[in-house]
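Here the structure is laid out as structure tokens; the discussion comes afterwards.
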Amino acid sequence: MRDYTRRTRRFGTVLPPQQPLTARTTAVSSDRSLLSHRLAQTVSDVFDPKYCVLLTTLLIGWHAERLIGIGWSILTALFTVAGPAGLVIHGQRRGRWGDRHLPRRQDRLRILPAILASVLTGLLIAGLLGAPRETTALVAAMFVSLTLVLIITTRWKVSLHTAVSSGTVATLTIAYGTPVLAFTPLIALIAWSRIRLNAHTTAQTIAGAVLGATAGGSVFAFLH
């Protein structure tokens with residue numbers, strides 16, 4: 001009866017009460033926030049460091065010796081991509097960390113030495129077997145960059161996403177030329193995604209980007 005007495009007549013139709021403007025505004029804001037969060041999560045997943053490392057390794061191998069270089073890239077990727085990814089997945093299954101992006105600084109301190117050992121093994125094998133100079137230079141650049149990340153992580157946390165993505169742009173620019181710089185805005189997009197997910201601060205994403213471009217790029221430029 002109460003619903004009946006509060007009805008609004010529109011040609012015999014009973015319409016529901018209008019939603020307050022503030023409630024509708026809040027709902028729209030919530031939808032936009034959820035959409036931006038999903039977009040940020042997608043960007044972080046698509047530009048996961050291991051995917052960027054794999055792409056860079058293959059492109060540098062192709063630039064060095066085409067199909068033969070790709071073969072060397074696959075060999076080194078076993079130690080720079082597959083090995084580190086396996087360590088992260090194993091630790092996640094054992095409950096050592098809940099997120100494969102390793103948001104906690106203490107978790108990074110536990111796994112980075114093992115990742116460094118894997119990358120160093122790949123570097124030694126590539127050097128001993130006579131891999132192309134560009135391939136060994138790339139792995140050496142990864143090792144130096146990761147070492148600096150580990151040192152900084154003892155006191156502070158930098159973004160691995162922006163470090164690897166900026167290192168990717170830097171090394172591919174050295175190999176393929178300035179047209180690669182057109183992908184630089186992607187680094188800003190990746191930084192936004194990490195900040196939006198509360199995984200890093202703005203300063204941490206900037207520090208990661210600077211470290212990856214300067215350390216990784218300079219080592220690769222010097223050795224390749």
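Ligands are numbered from 1 in the order shown, residues from 1 within each chain, and chains are lettered A, B, ... in the order they appear in the structure tokens.
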
(message) From a backbone DSSP assignment, name each residue in range 41-208 of chain A labelled helix (DSSP H, G or I), as a count of residues only.
(response) 139

(request) Write out as a count of residues only which residues come within 12 Å of Pro185 in chain A when counting only C-alpha atoms, dropping same-chain ones fewer than 2 positions away. (result) 15

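CA of Leu55 in chain A to CA of Gly91 in chain A spans 24.4 Å [interatomic distance, one decimal].
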
(request) Would you list the contacts of Gly86 in chain A as a PyMOL selection string, taking every protein, DNA or RNA residue within 12 Å and counting only C-alpha atoms, but skipping same-chain residues closer than 4 positions in sequence? (result) chain A and resi 50+78-82+90-93+100+111+114-115+118

I need the residues from that last selection saved to file as a PDB file, in the first residue's frame (with N, CA, C and O atoms), if you can.
```pdb
ATOM      1  N   LYS A  50      59.167  -9.733 -17.777  1.00  0.00           N
ATOM      2  CA  LYS A  50      59.689 -10.907 -18.500  1.00  0.00           C
ATOM      3  C   LYS A  50      59.319 -10.880 -19.973  1.00  0.00           C
ATOM      4  O   LYS A  50      60.090 -11.339 -20.824  1.00  0.00           O
ATOM      5  N   LEU A  78      66.656 -18.691 -21.676  1.00  0.00           N
ATOM      6  CA  LEU A  78      66.452 -19.733 -20.663  1.00  0.00           C
ATOM      7  C   LEU A  78      66.934 -19.269 -19.297  1.00  0.00           C
ATOM      8  O   LEU A  78      66.389 -19.673 -18.263  1.00  0.00           O
ATOM      9  N   PHE A  79      67.943 -18.391 -19.287  1.00  0.00           N
ATOM     10  CA  PHE A  79      68.523 -17.930 -18.027  1.00  0.00           C
ATOM     11  C   PHE A  79      68.052 -16.527 -17.630  1.00  0.00           C
ATOM     12  O   PHE A  79      68.051 -16.189 -16.452  1.00  0.00           O
ATOM     13  N   THR A  80      67.639 -15.721 -18.611  1.00  0.00           N
ATOM     14  CA  THR A  80      67.210 -14.357 -18.307  1.00  0.00           C
ATOM     15  C   THR A  80      65.696 -14.206 -18.184  1.00  0.00           C
ATOM     16  O   THR A  80      65.219 -13.232 -17.615  1.00  0.00           O
ATOM     17  N   VAL A  81      64.952 -15.181 -18.754  1.00  0.00           N
ATOM     18  CA  VAL A  81      63.491 -15.105 -18.714  1.00  0.00           C
ATOM     19  C   VAL A  81      62.889 -16.326 -18.023  1.00  0.00           C
ATOM     20  O   VAL A  81      62.206 -16.207 -16.999  1.00  0.00           O
ATOM     21  N   ALA A  82      63.155 -17.506 -18.579  1.00  0.00           N
ATOM     22  CA  ALA A  82      62.538 -18.725 -18.049  1.00  0.00           C
ATOM     23  C   ALA A  82      62.984 -19.010 -16.619  1.00  0.00           C
ATOM     24  O   ALA A  82      62.160 -19.344 -15.758  1.00  0.00           O
ATOM     25  N   HIS A  90      57.530 -20.609  -8.612  1.00  0.00           N
ATOM     26  CA  HIS A  90      57.768 -21.591  -7.548  1.00  0.00           C
ATOM     27  C   HIS A  90      57.538 -20.969  -6.174  1.00  0.00           C
ATOM     28  O   HIS A  90      56.881 -21.571  -5.309  1.00  0.00           O
ATOM     29  N   GLY A  91      58.055 -19.781  -5.971  1.00  0.00           N
ATOM     30  CA  GLY A  91      57.854 -19.108  -4.689  1.00  0.00           C
ATOM     31  C   GLY A  91      56.406 -18.747  -4.435  1.00  0.00           C
ATOM     32  O   GLY A  91      55.931 -18.824  -3.305  1.00  0.00           O
ATOM     33  N   GLN A  92      55.702 -18.376  -5.500  1.00  0.00           N
ATOM     34  CA  GLN A  92      54.287 -18.044  -5.352  1.00  0.00           C
ATOM     35  C   GLN A  92      53.478 -19.274  -4.954  1.00  0.00           C
ATOM     36  O   GLN A  92      52.589 -19.200  -4.103  1.00  0.00           O
ATOM     37  N   ARG A  93      53.779 -20.417  -5.555  1.00  0.00           N
ATOM     38  CA  ARG A  93      53.061 -21.646  -5.217  1.00  0.00           C
ATOM     39  C   ARG A  93      53.377 -22.108  -3.799  1.00  0.00           C
ATOM     40  O   ARG A  93      52.535 -22.742  -3.151  1.00  0.00           O
ATOM     41  N   ARG A 100      52.894 -12.196  -8.372  1.00  0.00           N
ATOM     42  CA  ARG A 100      54.071 -12.449  -9.205  1.00  0.00           C
ATOM     43  C   ARG A 100      54.848 -11.181  -9.521  1.00  0.00           C
ATOM     44  O   ARG A 100      55.991 -11.251  -9.995  1.00  0.00           O
ATOM     45  N   ILE A 111      64.562 -12.862  -3.633  1.00  0.00           N
ATOM     46  CA  ILE A 111      64.625 -13.543  -4.920  1.00  0.00           C
ATOM     47  C   ILE A 111      65.625 -12.923  -5.896  1.00  0.00           C
ATOM     48  O   ILE A 111      66.153 -13.612  -6.783  1.00  0.00           O
ATOM     49  N   ALA A 114      68.976 -14.767  -6.491  1.00  0.00           N
ATOM     50  CA  ALA A 114      68.834 -15.978  -7.307  1.00  0.00           C
ATOM     51  C   ALA A 114      68.651 -15.624  -8.779  1.00  0.00           C
ATOM     52  O   ALA A 114      69.202 -16.299  -9.665  1.00  0.00           O
ATOM     53  N   ILE A 115      67.896 -14.564  -9.057  1.00  0.00           N
ATOM     54  CA  ILE A 115      67.722 -14.128 -10.443  1.00  0.00           C
ATOM     55  C   ILE A 115      69.049 -13.645 -11.013  1.00  0.00           C
ATOM     56  O   ILE A 115      69.398 -13.941 -12.171  1.00  0.00           O
ATOM     57  N   SER A 118      71.113 -16.560 -12.015  1.00  0.00           N
ATOM     58  CA  SER A 118      70.635 -17.146 -13.268  1.00  0.00           C
ATOM     59  C   SER A 118      71.116 -16.337 -14.470  1.00  0.00           C
ATOM     60  O   SER A 118      71.593 -16.898 -15.466  1.00  0.00           O
TER      61      SER A 118
END
```

Per residue of range 115-189 of chain A within 9 Å of range 101-104 of chain A, note the shortest atom pair and the distance in Å to one decimal, counting only C-alpha atoms, and order the rows by chain and increasing residue number, as a Markdown table.
```
| residue | atom | partner | partner_atom | distance |
| --- | --- | --- | --- | --- |
| A:Lys157 | CA | A:Arg104 | CA | 8.5 |
| A:Leu160 | CA | A:His101 | CA | 8.8 |
| A:His161 | CA | A:His101 | CA | 8.9 |
```

Write the selection just made, keeping N, CA and C atoms, as a compact mmCIF listing (two decimals), in the first residue's frame?
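Saved the output as selection_26.txt:
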```txt
# COMPACT_ATOMS: atom_id res chain seq x y z
N LYS A 157 62.51 0.85 -2.81
CA LYS A 157 61.95 0.01 -3.87
C LYS A 157 61.77 0.82 -5.14
N LEU A 160 60.44 -2.23 -11.25
CA LEU A 160 61.06 -3.10 -12.25
C LEU A 160 60.37 -2.95 -13.61
N HIS A 161 59.07 -2.64 -13.59
CA HIS A 161 58.34 -2.46 -14.84
C HIS A 161 58.95 -1.31 -15.66
```

Which residues of range 93-199 of chain A have any atom within 10 Å of an atom in range 57-61 of chain A when counting only C-alpha atoms, and what is the closest pair of atoms for each, with the distance in Å to one decimal? Order the rows by chain and rising number and write it as CSV.
```
residue,atom,partner,partner_atom,distance
A:Ala131,CA,A:Gly61,CA,9.5
A:Pro132,CA,A:Gly61,CA,7.8
A:Arg133,CA,A:Gly61,CA,9.7
A:Glu134,CA,A:Ile60,CA,6.7
A:Thr135,CA,A:Gly61,CA,6.1
A:Thr136,CA,A:Gly61,CA,9.9
A:Ala137,CA,A:Ile60,CA,9.8
A:Leu138,CA,A:Thr57,CA,7.4
A:Val139,CA,A:Thr57,CA,8.4
A:Thr168,CA,A:Thr57,CA,9.2
A:Thr171,CA,A:Ile60,CA,8.4
A:Leu172,CA,A:Ile60,CA,7.3
A:Ala175,CA,A:Ile60,CA,7.2
A:Tyr176,CA,A:Ile60,CA,8.9
```

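Considering only C-alpha atoms, the residue among A:Ser193, A:Leu75, A:Thr201, A:Leu87 positioned nearest to Leu54 in chain A is A:Leu75.
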
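Residues of range 10-195 of chain A that DSSP, applied to the backbone, places in strand (DSSP E): A:Arg10, A:Thr13, A:Val14, A:Leu15.
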
Could you write out the selected residues, including C-alpha atoms, as a PDB file, in the first residue's frame?
```pdb
ATOM      1  CA  ARG A  10       2.401   8.605 -16.247  1.00  0.00           C
ATOM      2  CA  THR A  13       2.319   3.568 -15.498  1.00  0.00           C
ATOM      3  CA  VAL A  14       3.903   3.497 -12.068  1.00  0.00           C
ATOM      4  CA  LEU A  15       7.485   4.836 -12.253  1.00  0.00           C
TER       5      LEU A  15
END
```

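CA of Arg194 in chain A to CA of Ala213 in chain A spans 17.9 Å [interatomic distance, one decimal].
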